[in-house]
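Below is one structure, written out as structure tokens; comments come after it.
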Amino acid sequence: MGLLAPMAFLGGHLATGLVDVTSDPSALDSEGFWAVVADFEGHLTCARFSDVRQAEGHVLPASPWRGPGTGTWSTSLDRAAYTNGVTRIREHIAAGEVYQANLCRVLSAPVAADADVAALAGLLARYNPAPYAGVVRIPRHGIEVATASPELFVRRAGRSIASGPIKGTGRTEADLLEKDYAENVMIVDLVRNDFGRVCVPGSVAVPDLCAVEKHPGLVHLVSTVRGRLRDGAGWPELLAATFPPGSVTGAPKESALRVIAALETSARGPYCGGIGWVDADRGRGELAVGIRTFWIDRSAGLLRFGTGAGITWGSEPEREWQETELKARRLLSIASSADGTSEHGSAARSPGGGAFGRSV
């Protein structure tokens with residue numbers, strides 16, 4: 001099969017006609033419409049498109065999607081490794097090295113050579129609608145990403161910026177614990193600090209703290225942080241100050257990143273990175289946190305998906321494992337079907353522990 005044509009569907013914008021690709025964030029302050037994919041590890045891809053129009057979600061193909069079988073998923077951390085990782089993070093917290101750290105695992109399954117990530121994005125939009133859903137397909141540059149992200153990383157309109165960090169997840173609001181609220185407040189403080197590095201002093205505010213949002217199959221605690229960029233600060237400075245997103249790293253961020261690096265066995269890639277669009281001509285843009293996100297790794301012939309949980313002193317290892325299962329269950333069922341209709345199906349269990357993924 002030949003390479004599929006480059007395209008992006010983000011924020012209601014259907015973009016085609018790829019013009020150029022760069023890793024230079026200053027391009028986002030130049031001109032044109034850009035699709036943006038930033039890997040958690042720091043690799044930035046900015047793709048400028050010449051043909052952009054407003055469109056509804058039905059522009060994405062609903063089928064066919066050739067997804068992997070439900071029993072073919074493997075996980076970078078099995079149940080034992082993950083729960084042990086939670087215990088290790090609690091030890092770091094007890095030692096005063098970190099207050100919270102996000103522990104993630106990457107699930108993988110074989111994908112057909114002719115699988116189209118835009119078709120998967122169409123299924124996600126239909127069966128798991130999300131406020132920051134989208135797709136970026138630039139095969140020649142190794143970018144084939146479909147996201148159903150519910151979380152705003154950063155929105156910019158001129159000098160005004162906002163973020164919507166999510167911390168706290170349950171099946172229903174009644175499942176949310178005191179630990180979830182405390183975790184959210186910790187990350188809000190981190191985001192406020194990040195914004196403070198590039199914003200006008202006194203402009204950073206939190207108009208909403210720990211609001212409950214309902215999403216398909218679960219609920220989240222979501223806060224809002226706003227600020228005003230200081231003169232001379234643009235996309236390069238904003239990304240340098242805030243990336244990777246605090247809600248998927250931990251606090252303090254640098255300490256959490258060291259803990260993560262020691263425990264996780266697979267690169268996160270676009271999962272937990274930033275995915276979105278920038279209209280440089282109008283000084284506007286919106287990047288989501290790359291959670292609830294699939295990507296195709298053509299070099300390995302795999303479809304990948306990440307899931308994780310924020311770990312605090314109050315975390316129980318088994319409960320955190322179950323949170324990663326909850327976040328993955330619905331989306332993997334959609335991706336493992338031909339048309340999204342088996343969303344309540346279950347993947348084969350294995351000695352790795354859990355519905356989604358034997359250990360690798």
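Residue numbers start at 1 in each chain; chains themselves are named A, B, ... in the order of the structure tokens; ligands are numbered from 1 in the order shown.
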
Extract the full set of alpha helix (DSSP H) residues from stretch 59-192 of chain A according to DSSP on the backbone, and format it as a PyMOL selection string.
-> chain A and resi 79-94+117-127+178-192

Save out the residues we just selected, N, CA and C atoms, as a compact mmCIF listing (two decimals), in the first residue's frame.
```txt
# COMPACT_ATOMS: atom_id res chain seq x y z
N ARG A 79 0.74 -6.25 35.70
CA ARG A 79 0.15 -5.87 36.98
C ARG A 79 1.19 -5.85 38.10
N ALA A 80 2.03 -6.87 38.15
CA ALA A 80 3.03 -6.94 39.23
C ALA A 80 4.04 -5.79 39.12
N ALA A 81 4.51 -5.51 37.90
CA ALA A 81 5.48 -4.44 37.70
C ALA A 81 4.86 -3.08 38.00
N TYR A 82 3.60 -2.91 37.62
CA TYR A 82 2.96 -1.63 37.83
C TYR A 82 2.71 -1.38 39.32
N THR A 83 2.15 -2.36 40.00
CA THR A 83 1.88 -2.16 41.43
C THR A 83 3.18 -2.00 42.22
N ASN A 84 4.23 -2.69 41.79
CA ASN A 84 5.53 -2.48 42.43
C ASN A 84 6.02 -1.06 42.18
N GLY A 85 5.77 -0.54 40.97
CA GLY A 85 6.14 0.84 40.67
C GLY A 85 5.41 1.83 41.55
N VAL A 86 4.14 1.56 41.83
CA VAL A 86 3.38 2.42 42.75
C VAL A 86 4.03 2.42 44.13
N THR A 87 4.42 1.26 44.59
CA THR A 87 5.09 1.16 45.90
C THR A 87 6.39 1.94 45.91
N ARG A 88 7.15 1.83 44.82
CA ARG A 88 8.43 2.57 44.74
C ARG A 88 8.19 4.08 44.76
N ILE A 89 7.16 4.56 44.08
CA ILE A 89 6.87 5.99 44.09
C ILE A 89 6.50 6.45 45.50
N ARG A 90 5.72 5.63 46.21
CA ARG A 90 5.36 5.98 47.59
C ARG A 90 6.61 6.06 48.47
N GLU A 91 7.61 5.24 48.18
CA GLU A 91 8.87 5.31 48.92
C GLU A 91 9.59 6.63 48.62
N HIS A 92 9.56 7.06 47.35
CA HIS A 92 10.15 8.36 46.98
C HIS A 92 9.41 9.50 47.69
N ILE A 93 8.09 9.38 47.79
CA ILE A 93 7.30 10.40 48.49
C ILE A 93 7.67 10.43 49.97
N ALA A 94 7.80 9.26 50.57
CA ALA A 94 8.16 9.19 51.99
C ALA A 94 9.53 9.80 52.25
N VAL A 117 -5.18 5.47 10.31
CA VAL A 117 -5.44 6.06 11.61
C VAL A 117 -6.63 7.02 11.57
N ALA A 118 -6.92 7.59 10.40
CA ALA A 118 -8.09 8.47 10.29
C ALA A 118 -9.39 7.69 10.45
N ALA A 119 -9.41 6.43 9.99
CA ALA A 119 -10.59 5.59 10.19
C ALA A 119 -10.78 5.29 11.67
N LEU A 120 -9.69 5.05 12.39
CA LEU A 120 -9.78 4.84 13.83
C LEU A 120 -10.29 6.10 14.51
N ALA A 121 -9.81 7.26 14.09
CA ALA A 121 -10.28 8.52 14.66
C ALA A 121 -11.78 8.70 14.43
N GLY A 122 -12.26 8.25 13.27
CA GLY A 122 -13.68 8.33 13.00
C GLY A 122 -14.50 7.49 13.96
N LEU A 123 -14.00 6.29 14.28
CA LEU A 123 -14.69 5.43 15.25
C LEU A 123 -14.67 6.05 16.64
N LEU A 124 -13.53 6.61 17.02
CA LEU A 124 -13.43 7.25 18.34
C LEU A 124 -14.40 8.42 18.45
N ALA A 125 -14.49 9.22 17.39
CA ALA A 125 -15.40 10.37 17.41
C ALA A 125 -16.85 9.91 17.54
N ARG A 126 -17.16 8.75 16.96
CA ARG A 126 -18.53 8.25 16.99
C ARG A 126 -18.89 7.59 18.31
N TYR A 127 -17.98 6.79 18.86
CA TYR A 127 -18.31 5.98 20.03
C TYR A 127 -17.70 6.48 21.33
N GLU A 178 -10.78 11.69 48.60
CA GLU A 178 -10.06 12.88 49.05
C GLU A 178 -8.70 12.97 48.38
N LYS A 179 -8.09 11.81 48.18
CA LYS A 179 -6.79 11.76 47.49
C LYS A 179 -6.87 12.38 46.11
N ASP A 180 -7.99 12.18 45.38
CA ASP A 180 -8.15 12.72 44.03
C ASP A 180 -8.18 14.24 44.05
N TYR A 181 -8.91 14.80 45.01
CA TYR A 181 -9.00 16.26 45.12
C TYR A 181 -7.64 16.86 45.48
N ALA A 182 -6.93 16.21 46.40
CA ALA A 182 -5.61 16.70 46.79
C ALA A 182 -4.64 16.65 45.62
N GLU A 183 -4.73 15.58 44.85
CA GLU A 183 -3.87 15.42 43.68
C GLU A 183 -4.13 16.53 42.66
N ASN A 184 -5.41 16.86 42.44
CA ASN A 184 -5.75 17.91 41.50
C ASN A 184 -5.17 19.25 41.95
N VAL A 185 -5.32 19.56 43.23
CA VAL A 185 -4.82 20.84 43.74
C VAL A 185 -3.30 20.93 43.59
N MET A 186 -2.59 19.83 43.81
CA MET A 186 -1.13 19.81 43.64
C MET A 186 -0.74 20.16 42.21
N ILE A 187 -1.46 19.58 41.24
CA ILE A 187 -1.12 19.82 39.85
C ILE A 187 -1.52 21.22 39.42
N VAL A 188 -2.61 21.74 39.96
CA VAL A 188 -2.98 23.13 39.67
C VAL A 188 -1.87 24.07 40.12
N ASP A 189 -1.30 23.83 41.30
CA ASP A 189 -0.18 24.66 41.77
C ASP A 189 1.01 24.56 40.82
N LEU A 190 1.26 23.35 40.30
CA LEU A 190 2.36 23.18 39.35
C LEU A 190 2.10 23.98 38.07
N VAL A 191 0.88 23.89 37.52
CA VAL A 191 0.54 24.61 36.30
C VAL A 191 0.61 26.12 36.53
N ARG A 192 0.15 26.58 37.69
CA ARG A 192 0.26 28.01 38.01
C ARG A 192 1.72 28.44 38.00
```

Within 10 Å of A:Asp20 using only C-alpha atoms, minus same-chain residues under 6 positions, as a ChimeraX atom specification | /A:34,46-50

Running DSSP on the backbone, which parts of stretch 70-231 of chain A land in strand (DSSP E or B), as a VMD selection string?
-> chain A and resid 74 to 75 100 to 110 132 to 138 143 to 149 152 to 157 160 to 164 166 to 170 199 205 to 215 218 to 229

Taking a cut-off of 12 Å and counting only C-alpha atoms, can you build a table that, for each residue of stretch 165-253 of chain A near stretch 308-327 of chain A, reports the nearest atom pair and how far apart they are in Å (one decimal), sorted by chain then residue number, as a Markdown table?
```
| residue | atom | partner | partner_atom | distance |
| --- | --- | --- | --- | --- |
| A:Ile166 | CA | A:Gly310 | CA | 10.2 |
| A:Lys167 | CA | A:Gly310 | CA | 7.4 |
| A:Gly168 | CA | A:Gly310 | CA | 8.2 |
| A:Thr169 | CA | A:Glu323 | CA | 7.4 |
| A:Gly170 | CA | A:Glu323 | CA | 7.6 |
| A:Arg171 | CA | A:Leu326 | CA | 7.9 |
| A:Thr172 | CA | A:Leu326 | CA | 11.7 |
| A:Asp175 | CA | A:Glu323 | CA | 11.0 |
| A:Leu176 | CA | A:Glu323 | CA | 11.5 |
| A:Leu177 | CA | A:Gly314 | CA | 9.7 |
| A:Glu178 | CA | A:Gly314 | CA | 9.0 |
| A:Lys179 | CA | A:Gly314 | CA | 6.0 |
| A:Asp180 | CA | A:Gly310 | CA | 8.9 |
| A:Tyr181 | CA | A:Thr312 | CA | 11.3 |
| A:Ala182 | CA | A:Thr312 | CA | 9.0 |
| A:Glu183 | CA | A:Thr312 | CA | 7.2 |
| A:Asn184 | CA | A:Gly310 | CA | 9.6 |
| A:Met186 | CA | A:Thr312 | CA | 10.1 |
| A:Ile187 | CA | A:Gly310 | CA | 10.1 |
| A:His215 | CA | A:Lys327 | CA | 10.8 |
| A:Pro216 | CA | A:Lys327 | CA | 10.1 |
| A:Gly217 | CA | A:Leu326 | CA | 8.3 |
| A:Leu218 | CA | A:Lys327 | CA | 8.0 |
| A:Val219 | CA | A:Lys327 | CA | 10.3 |
| A:His220 | CA | A:Lys327 | CA | 10.9 |
| A:Gly246 | CA | A:Gly310 | CA | 10.7 |
| A:Ser247 | CA | A:Gly310 | CA | 8.0 |
| A:Val248 | CA | A:Gly310 | CA | 7.4 |
| A:Thr249 | CA | A:Gly310 | CA | 8.2 |
| A:Gly250 | CA | A:Gly310 | CA | 7.4 |
| A:Ala251 | CA | A:Thr312 | CA | 9.9 |
```
